[in-house]
Structures are given as C-alpha cells and as structure tokens.
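*Asks:* Sharing protein.tsv, TSV, C-alpha atoms and all ligand atoms:
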chain	number	residue	atom	x	y	z
V	1	MET	CA	-0.89	15.84	8.84
V	2	ASP	CA	-1.49	18.58	11.43
V	3	ALA	CA	-5.22	18.24	10.94
V	4	MET	CA	-5.22	14.47	11.27
V	5	ARG	CA	-3.04	14.61	14.35
V	6	TYR	CA	-5.20	17.30	15.92
V	7	ARG	CA	-8.34	15.25	15.35
V	8	LEU	CA	-6.77	12.07	16.67
V	9	SER	CA	-5.69	13.87	19.85
V	10	SER	CA	-9.32	14.70	20.62
V	11	VAL	CA	-10.61	11.11	20.33
V	12	ASN	CA	-11.00	8.95	23.44
V	13	PHE	CA	-8.45	6.25	22.90
V	14	ASN	CA	-4.92	5.34	23.69
V	15	GLY	CA	-3.37	4.83	20.29
V	16	THR	CA	0.00	3.87	18.91
V	17	VAL	CA	0.92	4.66	15.34
V	18	VAL	CA	2.18	1.33	14.01
V	19	ILE	CA	2.11	2.23	10.34
V	20	GLY	CA	2.89	5.91	10.04
V	21	GLU	CA	4.61	8.36	7.80
V	22	GLY	CA	7.81	6.52	8.48
V	23	GLU	CA	11.42	7.42	8.34
V	24	LYS	CA	11.56	7.33	4.55
V	25	ASP	CA	9.89	10.71	4.32
V	26	LYS	CA	11.48	12.02	7.54
V	27	ALA	CA	8.00	13.09	8.62
V	28	PRO	CA	7.97	15.03	11.88
V	29	MET	CA	4.57	13.75	13.03
V	30	LEU	CA	2.47	10.62	13.04
V	31	PHE	CA	5.68	8.69	13.00
V	32	ASN	CA	5.89	5.00	13.75
V	33	GLY	CA	5.60	4.54	17.48
V	34	GLU	CA	3.98	7.91	18.18
V	35	VAL	CA	1.28	7.85	20.84
V	36	VAL	CA	-1.99	9.46	19.76
V	37	GLY	CA	-5.46	9.95	21.21
V	38	ASP	CA	-6.45	11.63	24.46
V	39	GLY	CA	-5.06	8.77	26.53
V	40	THR	CA	-8.40	7.47	27.75
V	41	GLY	CA	-10.41	4.58	26.38
V	42	PRO	CA	-9.23	1.48	24.54
V	43	ASN	CA	-5.70	0.67	23.41
V	44	LEU	CA	-5.65	0.78	19.65
V	45	ASP	CA	-3.14	0.46	16.83
V	46	ILE	CA	-3.31	3.02	14.07
V	47	ALA	CA	-2.16	3.02	10.46
V	48	VAL	CA	-2.16	6.40	8.81
V	49	ASP	CA	-1.17	8.07	5.63
V	50	PRO	CA	-2.35	11.67	5.95
V	51	ILE	CA	-1.72	12.18	2.25
V	52	ASP	CA	-0.64	9.53	-0.16
V	53	GLY	CA	0.26	11.77	-3.04
V	54	THR	CA	1.71	14.87	-1.40
V	55	ARG	CA	3.04	16.12	-4.71
V	56	LEU	CA	-0.29	15.42	-6.45
V	57	THR	CA	-2.05	17.55	-3.85
V	58	ALA	CA	0.49	20.35	-4.19
V	59	LEU	CA	0.06	20.29	-7.97
V	60	GLY	CA	-3.75	20.22	-7.76
V	61	MET	CA	-3.90	16.80	-9.37
V	62	ASN	CA	-6.28	13.92	-8.69
V	63	ASN	CA	-5.82	10.67	-6.83
V	64	ALA	CA	-4.21	11.78	-3.60
V	65	LEU	CA	-5.84	9.97	-0.70
V	66	SER	CA	-5.97	10.40	3.02
V	67	VAL	CA	-6.10	7.05	4.73
V	68	ILE	CA	-6.50	5.76	8.27
V	69	ALA	CA	-7.09	2.27	9.64
V	70	VAL	CA	-7.59	1.27	13.26
V	71	ALA	CA	-7.28	-2.08	15.02
V	72	ASP	CA	-7.01	-3.54	18.52
V	73	GLY	CA	-3.84	-2.57	20.37
V	74	GLY	CA	-0.93	-4.91	19.65
V	75	SER	CA	-2.60	-6.55	16.66
V	76	MET	CA	-1.19	-4.62	13.73
V	77	PHE	CA	1.84	-5.84	11.83
V	78	ASP	CA	4.77	-3.43	11.99
V	79	PRO	CA	6.59	-3.31	8.67
V	80	SER	CA	8.44	-0.07	9.17
V	81	ALA	CA	11.95	-1.53	9.19
V	82	VAL	CA	11.80	-1.75	5.41
V	83	PHE	CA	10.87	1.34	3.41
V	84	TYR	CA	9.95	-0.14	0.04
V	85	MET	CA	8.02	-3.13	-1.17
V	86	GLU	CA	7.48	-4.68	-4.56
V	87	LYS	CA	3.75	-4.79	-5.16
V	88	LEU	CA	1.25	-6.70	-7.25
V	89	VAL	CA	-2.40	-5.74	-6.90
V	90	THR	CA	-5.31	-7.07	-8.91
V	91	GLY	CA	-9.03	-7.71	-8.63
V	92	PRO	CA	-10.81	-10.76	-7.25
V	93	GLU	CA	-11.17	-12.59	-10.57
V	94	ALA	CA	-7.41	-12.90	-10.97
V	95	ALA	CA	-6.31	-12.86	-7.34
V	96	ASP	CA	-5.98	-16.62	-6.90
V	97	PHE	CA	-3.86	-17.11	-9.98
V	98	VAL	CA	-1.04	-14.57	-9.85
V	99	ASP	CA	2.19	-14.89	-7.93
V	100	LEU	CA	4.70	-12.11	-7.32
V	101	ARG	CA	7.55	-14.56	-7.83
V	102	LEU	CA	6.53	-15.28	-11.43
V	103	PRO	CA	7.84	-13.28	-14.39
V	104	VAL	CA	5.75	-10.24	-15.35
V	105	LYS	CA	4.70	-11.82	-18.63
V	106	GLN	CA	3.36	-14.93	-16.93
V	107	ASN	CA	1.39	-12.93	-14.37
V	108	LEU	CA	-0.14	-10.79	-17.10
V	109	HIS	CA	-1.15	-13.91	-19.02
V	110	LEU	CA	-2.76	-15.27	-15.87
V	111	VAL	CA	-4.66	-12.04	-15.25
V	112	ALA	CA	-5.80	-11.88	-18.87
V	113	LYS	CA	-7.01	-15.48	-18.77
V	114	ALA	CA	-8.81	-14.97	-15.47
V	115	LYS	CA	-10.53	-11.85	-16.75
V	116	GLY	CA	-11.42	-13.39	-20.09
V	117	LYS	CA	-9.38	-10.77	-21.92
V	118	LYS	CA	-6.49	-10.78	-24.31
V	119	ILE	CA	-3.22	-9.58	-22.87
V	120	ASN	CA	-3.29	-6.55	-25.17
V	121	GLU	CA	-6.58	-5.55	-23.54
V	122	LEU	CA	-4.98	-5.27	-20.11
V	123	THR	CA	-3.90	-1.99	-18.54
V	124	VAL	CA	-1.18	-2.04	-15.92
V	125	CYS	CA	-0.71	0.85	-13.53
V	126	VAL	CA	2.93	1.67	-12.68
V	127	LEU	CA	4.53	4.52	-10.76
V	128	ASP	CA	6.65	6.76	-12.93
V	129	ARG	CA	10.09	6.04	-11.50
V	130	PRO	CA	13.45	5.32	-13.17
V	131	ARG	CA	13.55	2.01	-11.27
V	132	HIS	CA	10.51	0.91	-13.27
V	133	ALA	CA	12.01	1.44	-16.73
V	134	LYS	CA	12.64	-2.27	-17.28
V	135	LEU	CA	9.26	-3.24	-15.82
V	136	ILE	CA	7.47	-0.83	-18.15
V	137	GLU	CA	9.40	-2.25	-21.11
V	138	GLU	CA	8.45	-5.78	-20.11
V	139	ILE	CA	4.77	-4.89	-19.77
V	140	ARG	CA	4.70	-3.18	-23.15
V	141	ALA	CA	6.64	-6.02	-24.76
V	142	CYS	CA	3.80	-8.35	-23.71
V	143	GLY	CA	1.38	-6.09	-25.58
V	144	ALA	CA	-0.35	-4.76	-22.47
V	145	ARG	CA	-0.98	-1.07	-21.99
V	146	THR	CA	0.55	0.97	-19.19
V	147	ARG	CA	-1.02	3.68	-17.11
V	148	ILE	CA	1.91	5.60	-15.70
V	149	ILE	CA	1.17	7.58	-12.57
V	150	LEU	CA	3.27	10.36	-11.09
V	151	ASP	CA	2.49	9.36	-7.50
V	152	GLY	CA	-0.18	7.72	-5.42
V	153	ASP	CA	0.04	3.97	-5.64
V	154	VAL	CA	-2.75	3.59	-3.07
V	155	ALA	CA	-5.18	5.04	-5.62
V	156	GLY	CA	-3.48	2.98	-8.33
V	157	ALA	CA	-3.98	-0.18	-6.32
V	158	ILE	CA	-7.62	0.57	-5.57
V	159	ALA	CA	-8.19	1.15	-9.29
V	160	ALA	CA	-6.58	-2.21	-10.06
V	161	CYS	CA	-9.13	-3.97	-7.83
V	162	ARG	CA	-12.24	-2.23	-8.97
V	163	GLU	CA	-14.49	-2.77	-11.95
V	164	GLY	CA	-14.80	0.01	-14.46
V	165	THR	CA	-11.60	1.91	-13.70
V	166	GLY	CA	-9.80	0.76	-16.81
V	167	VAL	CA	-6.91	-0.61	-14.72
V	168	ASP	CA	-6.44	-4.38	-14.37
V	169	VAL	CA	-3.23	-4.69	-12.38
V	170	MET	CA	-0.80	-2.53	-10.46
V	171	LEU	CA	2.85	-3.50	-10.45
V	172	GLY	CA	6.06	-1.97	-9.18
V	173	THR	CA	7.90	-0.86	-6.09
V	174	GLY	CA	6.51	1.75	-3.73
V	175	GLY	CA	6.31	2.76	-0.09
V	176	THR	CA	5.75	0.02	2.49
V	177	PRO	CA	3.14	1.82	4.64
V	178	LYS	CA	0.90	2.30	1.64
V	179	VAL	CA	0.75	-1.35	0.74
V	180	LEU	CA	-0.11	-2.27	4.28
V	181	LEU	CA	-3.08	0.04	4.34
V	182	LEU	CA	-4.46	-1.58	1.24
V	183	PRO	CA	-6.07	-4.65	2.75
V	184	ALA	CA	-8.27	-2.36	4.76
V	185	LEU	CA	-9.26	-0.49	1.63
V	186	LEU	CA	-9.53	-3.16	-1.00
V	187	LYS	CA	-13.00	-3.79	-2.25
V	188	PRO	CA	-14.55	-6.06	-3.26
V	189	PRO	CA	-13.31	-8.77	-0.91
V	190	GLY	CA	-10.98	-11.18	-2.60
V	191	ALA	CA	-9.05	-8.48	-4.38
V	192	LEU	CA	-5.38	-9.07	-3.97
V	193	SER	CA	-2.46	-7.08	-2.76
V	194	ARG	CA	0.84	-8.91	-2.62
V	195	ALA	CA	4.13	-7.40	-1.72
V	196	ALA	CA	7.68	-8.44	-1.05
V	197	TRP	CA	10.47	-6.58	0.71
V	198	HIS	CA	12.43	-4.39	-1.66
V	199	PRO	CA	15.29	-4.87	-2.13
V	200	PRO	CA	14.90	-8.53	-1.27
V	201	MET	CA	16.45	-9.52	2.04
V	202	THR	CA	18.50	-12.62	2.67
V	203	PRO	CA	17.85	-14.55	5.89
V	204	SER	CA	20.99	-13.08	7.44
V	205	VAL	CA	19.79	-9.47	6.99
V	206	ARG	CA	18.02	-8.07	10.02
V	207	ARG	CA	16.29	-4.70	10.13
V	208	ARG	CA	14.82	-3.21	13.26
V	209	SER	CA	11.89	-0.81	13.24
V	210	PRO	CA	11.41	2.17	15.58
V	211	LEU	CA	8.86	0.04	17.43
V	212	GLY	CA	11.43	-2.69	17.92
V	213	THR	CA	10.10	-5.19	15.39
V	214	THR	CA	12.86	-7.07	13.64
V	215	LEU	CA	12.36	-8.12	10.05
V	216	THR	CA	14.62	-10.60	8.34
V	217	GLY	CA	14.87	-12.13	4.92
V	218	SER	CA	12.95	-15.06	6.24
V	219	SER	CA	10.03	-12.82	7.21
V	220	PRO	CA	7.30	-14.11	4.94
V	221	LEU	CA	6.78	-13.04	1.41
V	222	MET	CA	3.77	-10.93	2.05
V	223	ILE	CA	0.48	-12.11	0.75
V	224	TRP	CA	-1.60	-9.48	2.32
V	225	SER	CA	-5.03	-9.90	3.63
V	226	PRO	CA	-6.57	-8.02	6.53
V	227	ALA	CA	-5.73	-11.00	8.70
V	228	ILE	CA	-2.04	-10.55	8.02
V	229	THR	CA	-1.92	-6.80	8.50
V	230	VAL	CA	-4.12	-7.06	11.56
V	231	SER	CA	-4.03	-10.16	13.71
V	232	SER	CA	-7.01	-9.30	15.90
V	233	PRO	CA	-10.18	-11.10	14.90
V	234	GLN	CA	-12.07	-7.90	14.39
V	235	PRO	CA	-10.39	-4.65	13.39
V	236	VAL	CA	-12.18	-1.73	14.97
V	237	LEU	CA	-12.66	-0.20	11.55
V	238	PRO	CA	-12.75	-3.22	9.27
V	239	THR	CA	-12.51	-1.00	6.28
V	240	ALA	CA	-10.40	2.07	6.75
V	241	SER	CA	-12.09	5.35	6.23
V	242	CYS	CA	-10.78	6.83	3.12
V	243	CYS	CA	-11.54	10.10	1.46
V	244	ALA	CA	-10.48	11.09	-1.97
V	245	VAL	CA	-8.60	14.33	-2.12
V	246	TYR	CA	-8.85	16.20	-5.34
V	247	GLY	CA	-6.37	18.99	-5.25
V	248	THR	CA	-6.73	19.94	-1.64
V	249	ALA	CA	-6.32	17.80	1.41
V	250	ARG	CA	-9.42	17.25	3.46
V	251	THR	CA	-9.30	16.04	7.00
V	252	LEU	CA	-11.03	12.86	8.01
I	1	LIG	O1	8.58	8.47	-4.38
I	1	LIG	P1	9.18	7.14	-3.99
I	1	LIG	O2	10.29	7.28	-3.02
I	1	LIG	O3	9.51	6.33	-5.20
I	1	LIG	O4	8.05	6.33	-3.18
I	1	LIG	C1	6.91	5.83	-3.77
I	1	LIG	C2	5.73	6.28	-2.96
I	1	LIG	O5	5.53	7.68	-3.14
I	1	LIG	C3	4.15	7.94	-3.43
I	1	LIG	O6	3.99	8.07	-4.83
I	1	LIG	C4	3.68	9.20	-2.76
I	1	LIG	O7	3.87	9.10	-1.38
I	1	LIG	P2	3.91	10.43	-0.47
I	1	LIG	O8	2.76	11.28	-0.83
I	1	LIG	O9	3.83	9.92	0.93
I	1	LIG	O10	5.19	11.11	-0.78
I	1	LIG	C5	3.43	6.67	-2.97
I	1	LIG	O11	2.16	6.50	-3.52
I	1	LIG	C6	4.43	5.62	-3.33
I	1	LIG	O12	4.22	4.40	-2.64
Once more with this new file: its structure as structure tokens, please.
Ligand SMILES: O=P(O)(O)OC[C@H]1O[C@](O)(COP(=O)(O)O)[C@@H](O)[C@@H]1O
*Replies:*
Amino acid sequence: MDAMRYRLSSVNFNGTVVIGEGEKDKAPMLFNGEVVGDGTGPNLDIAVDPIDGTRLTALGMNNALSVIAVADGGSMFDPSAVFYMEKLVTGPEAADFVDLRLPVKQNLHLVAKAKGKKINELTVCVLDRPRHAKLIEEIRACGARTRIILDGDVAGAIAACREGTGVDVMLGTGGTPKVLLLPALLKPPGALSRAAWHPPMTPSVRRRSPLGTTLTGSSPLMIWSPAITVSSPQPVLPTASCCAVYGTARTL
C-alpha cells in the first residue's frame, strides 16, 4: 500500500480514491475519499486494491493481485457504504443466461447448458468462509465440483471468466471494492460479474459512504459492466493494470 501510494503521489493528476481499501479493513491509507496524485493535471477517479489477498501474500501463496483502475473524475460509482456483496461471475458463454436471483441449482444448470457441459463437469470457485457452508453444500448437492479458496476472490472471478482455468463460475459473498474492480479486469468482453448488496437492503435502509454517496435498498441490483462502474464514456485505463503477485507484493 505504501508503494502504491508513493507512486501515485508522483503522477501528474488530481485523483480521488473512490473505491479504496475501505472501512471494512480499517486501512490507514488509500481510503475512500483520499486525494492522491501530485495535484496537477486532470481530475481522475481511482479504484485501488493494493493487495487482494493480503493473507495469501503473507503466507507465500499464489493468486494475490494488485489492482488499480482509473477513470474520469466524478464518473466512478461509489459503493463504499456497503462492505459486502453477493457475487456471481462467469464467462461470456453463460453470461446472458444466469441471474443472481435464481437458486444456485438453476444457475448451475444454465451455465452447464450454455457451456455444453454436464453439471457434474462444472467447477465453482467459492471463498472458504463459514457463511458459505450452505452454498457449498448446495453446489455439491447439484453434482458440481467446488474449488475452495482461502482468499482472493478477484483472482477467483478472473479464473471463472477465462478459458482453460478449470473454473466455470464464482459464487459467494466477498468484499465490495473487489467486485467493482472486476469489470475493468474481466476478459474476454462479455464475461459477467453480478453482485447484490449483502446483506440485502430494504428500500427504507440508507447507508452513507465516506464520500457522501447514499445507497438504499432500492439502489439497483448490480449487473456490473464497465459502464455501470464507470459512467464516463471512456475510462482512462479501460482495462485496469493488474499484476499477479506470487508470494511477494510487487508495485505497479
Ligand atoms: O475475509 P472476508 O471479510 O470474508 O472478506 C472477503 C474478502 O477478503 C479477501 O479474501 C481478501 O481481501 P484482503 O486481502 O483485502 O483482506 C477478498 O478477496 C474477499 O473479497
């Protein structure tokens, strides 16, 4: 985080961290609303996750990622009032068929059909958390395999969208900032990241972010695409730069 912040402070721009480490992790830097850059140049919005998979990095394990996305100032959606989101991520073949509001079994059938596989040939990536015990049971009861990951659902989501990773879908609840960085990272185009506030909010619930954005239960069920995360026509970095970190954090 120090390294990313140091680098950002040397770049000619006037940036605001819209999607940052967030209050969930009580991170001291690169928090939502923090001003970064050297104060000259264009106004830009920044989304950062200096390390998604802090524990993985500390343990010398794979799949921690360092992620940054940049867009025109004022164009990035601010989700930071809600810490967790329920996520469904899959590749382009199945993206148009699934729906987060459907039961797990139905979504897995839809993915299997779209990919021309049997359901017992699917692998579903899920974070290893007690809250996912029922989800994991449901997936296994359908006959699908699970790939349980200790941390790092950004890497899990990317795997779910890519050919040849052995992962077909990612399901479960994880950090909000991570899901919002995904549209910038997902390749190929058409891959799908959907997320809903967790726990679900009723219309009367209102949560206010450090940047002053108010989210309510009637805020849309998120069907993320770059256009939703970033409202400007052309993000400055249409795909976020992203470097895999194997064991040790590297700076961007
Ligand atoms: O650990 P929690 O609170 O269940 O949060 C889940 C989140 O934690 C992570 O596994 C790791 O995130 P950090 O490295 O920022 O701690 C994310 O990939 C995931 O979205």
*Asks:* What does the distance between CA of Ser9 in chain V and atom P2 of ligand LIG 1 (chain I) come to in Å, to one decimal place?
*Replies:*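 According to the coordinates, CA of Ser9 in chain V and atom P2 of ligand LIG 1 (chain I) are separated by 22.7 Å.
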*Asks:* Give as a ChimeraX atom specification the residues surrounding ligand LIG 1 (chain I) up to a distance of 9 Å, considering only C-alpha atoms and all ligand atoms.
*Replies:* /V:21,24-25,49-57,64-65,83-85,127-131,149-156,173-179
*Asks:* Report the distance between CA of Met29 in chain V and CA of Phe13 in chain V in Å, rounded to one decimal place.
*Replies:*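 Atom-to-atom, CA of Met29 in chain V to CA of Phe13 in chain V, that is 18.0 Å.
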*Asks:* Which residue gives the smallest distance to Ser66 in chain V among V:Ala3, V:Val36, V:Cys125, V:Leu100, with only C-alpha atoms counted?
*Replies:*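 Among V:Ala3, V:Val36, V:Cys125, V:Leu100, it is V:Ala3 that comes nearest to Ser66 in chain V.
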*Asks:* Rounded to one decimal, what separation in Å do you get between CA of Val124 in chain V and CA of Ala81 in chain V?
*Replies:* 28.3 Å
*Asks:* Nearest to Val18 in chain V: which of V:Gly116, V:Pro103, V:Gly166, V:Gly74 is it, counting all atoms listed in the file?
*Replies:*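 Comparing V:Gly116, V:Pro103, V:Gly166, V:Gly74 against Val18 in chain V, the winner is V:Gly74.
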*Asks:* May I ask which of the residues V:Arg206, V:Lys87, V:His109, V:Arg7 is the closest one to Ala160 in chain V, counting all atoms listed in the file?
*Replies:*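 Ranking V:Arg206, V:Lys87, V:His109, V:Arg7 by distance to Ala160 in chain V, first place goes to V:Lys87.
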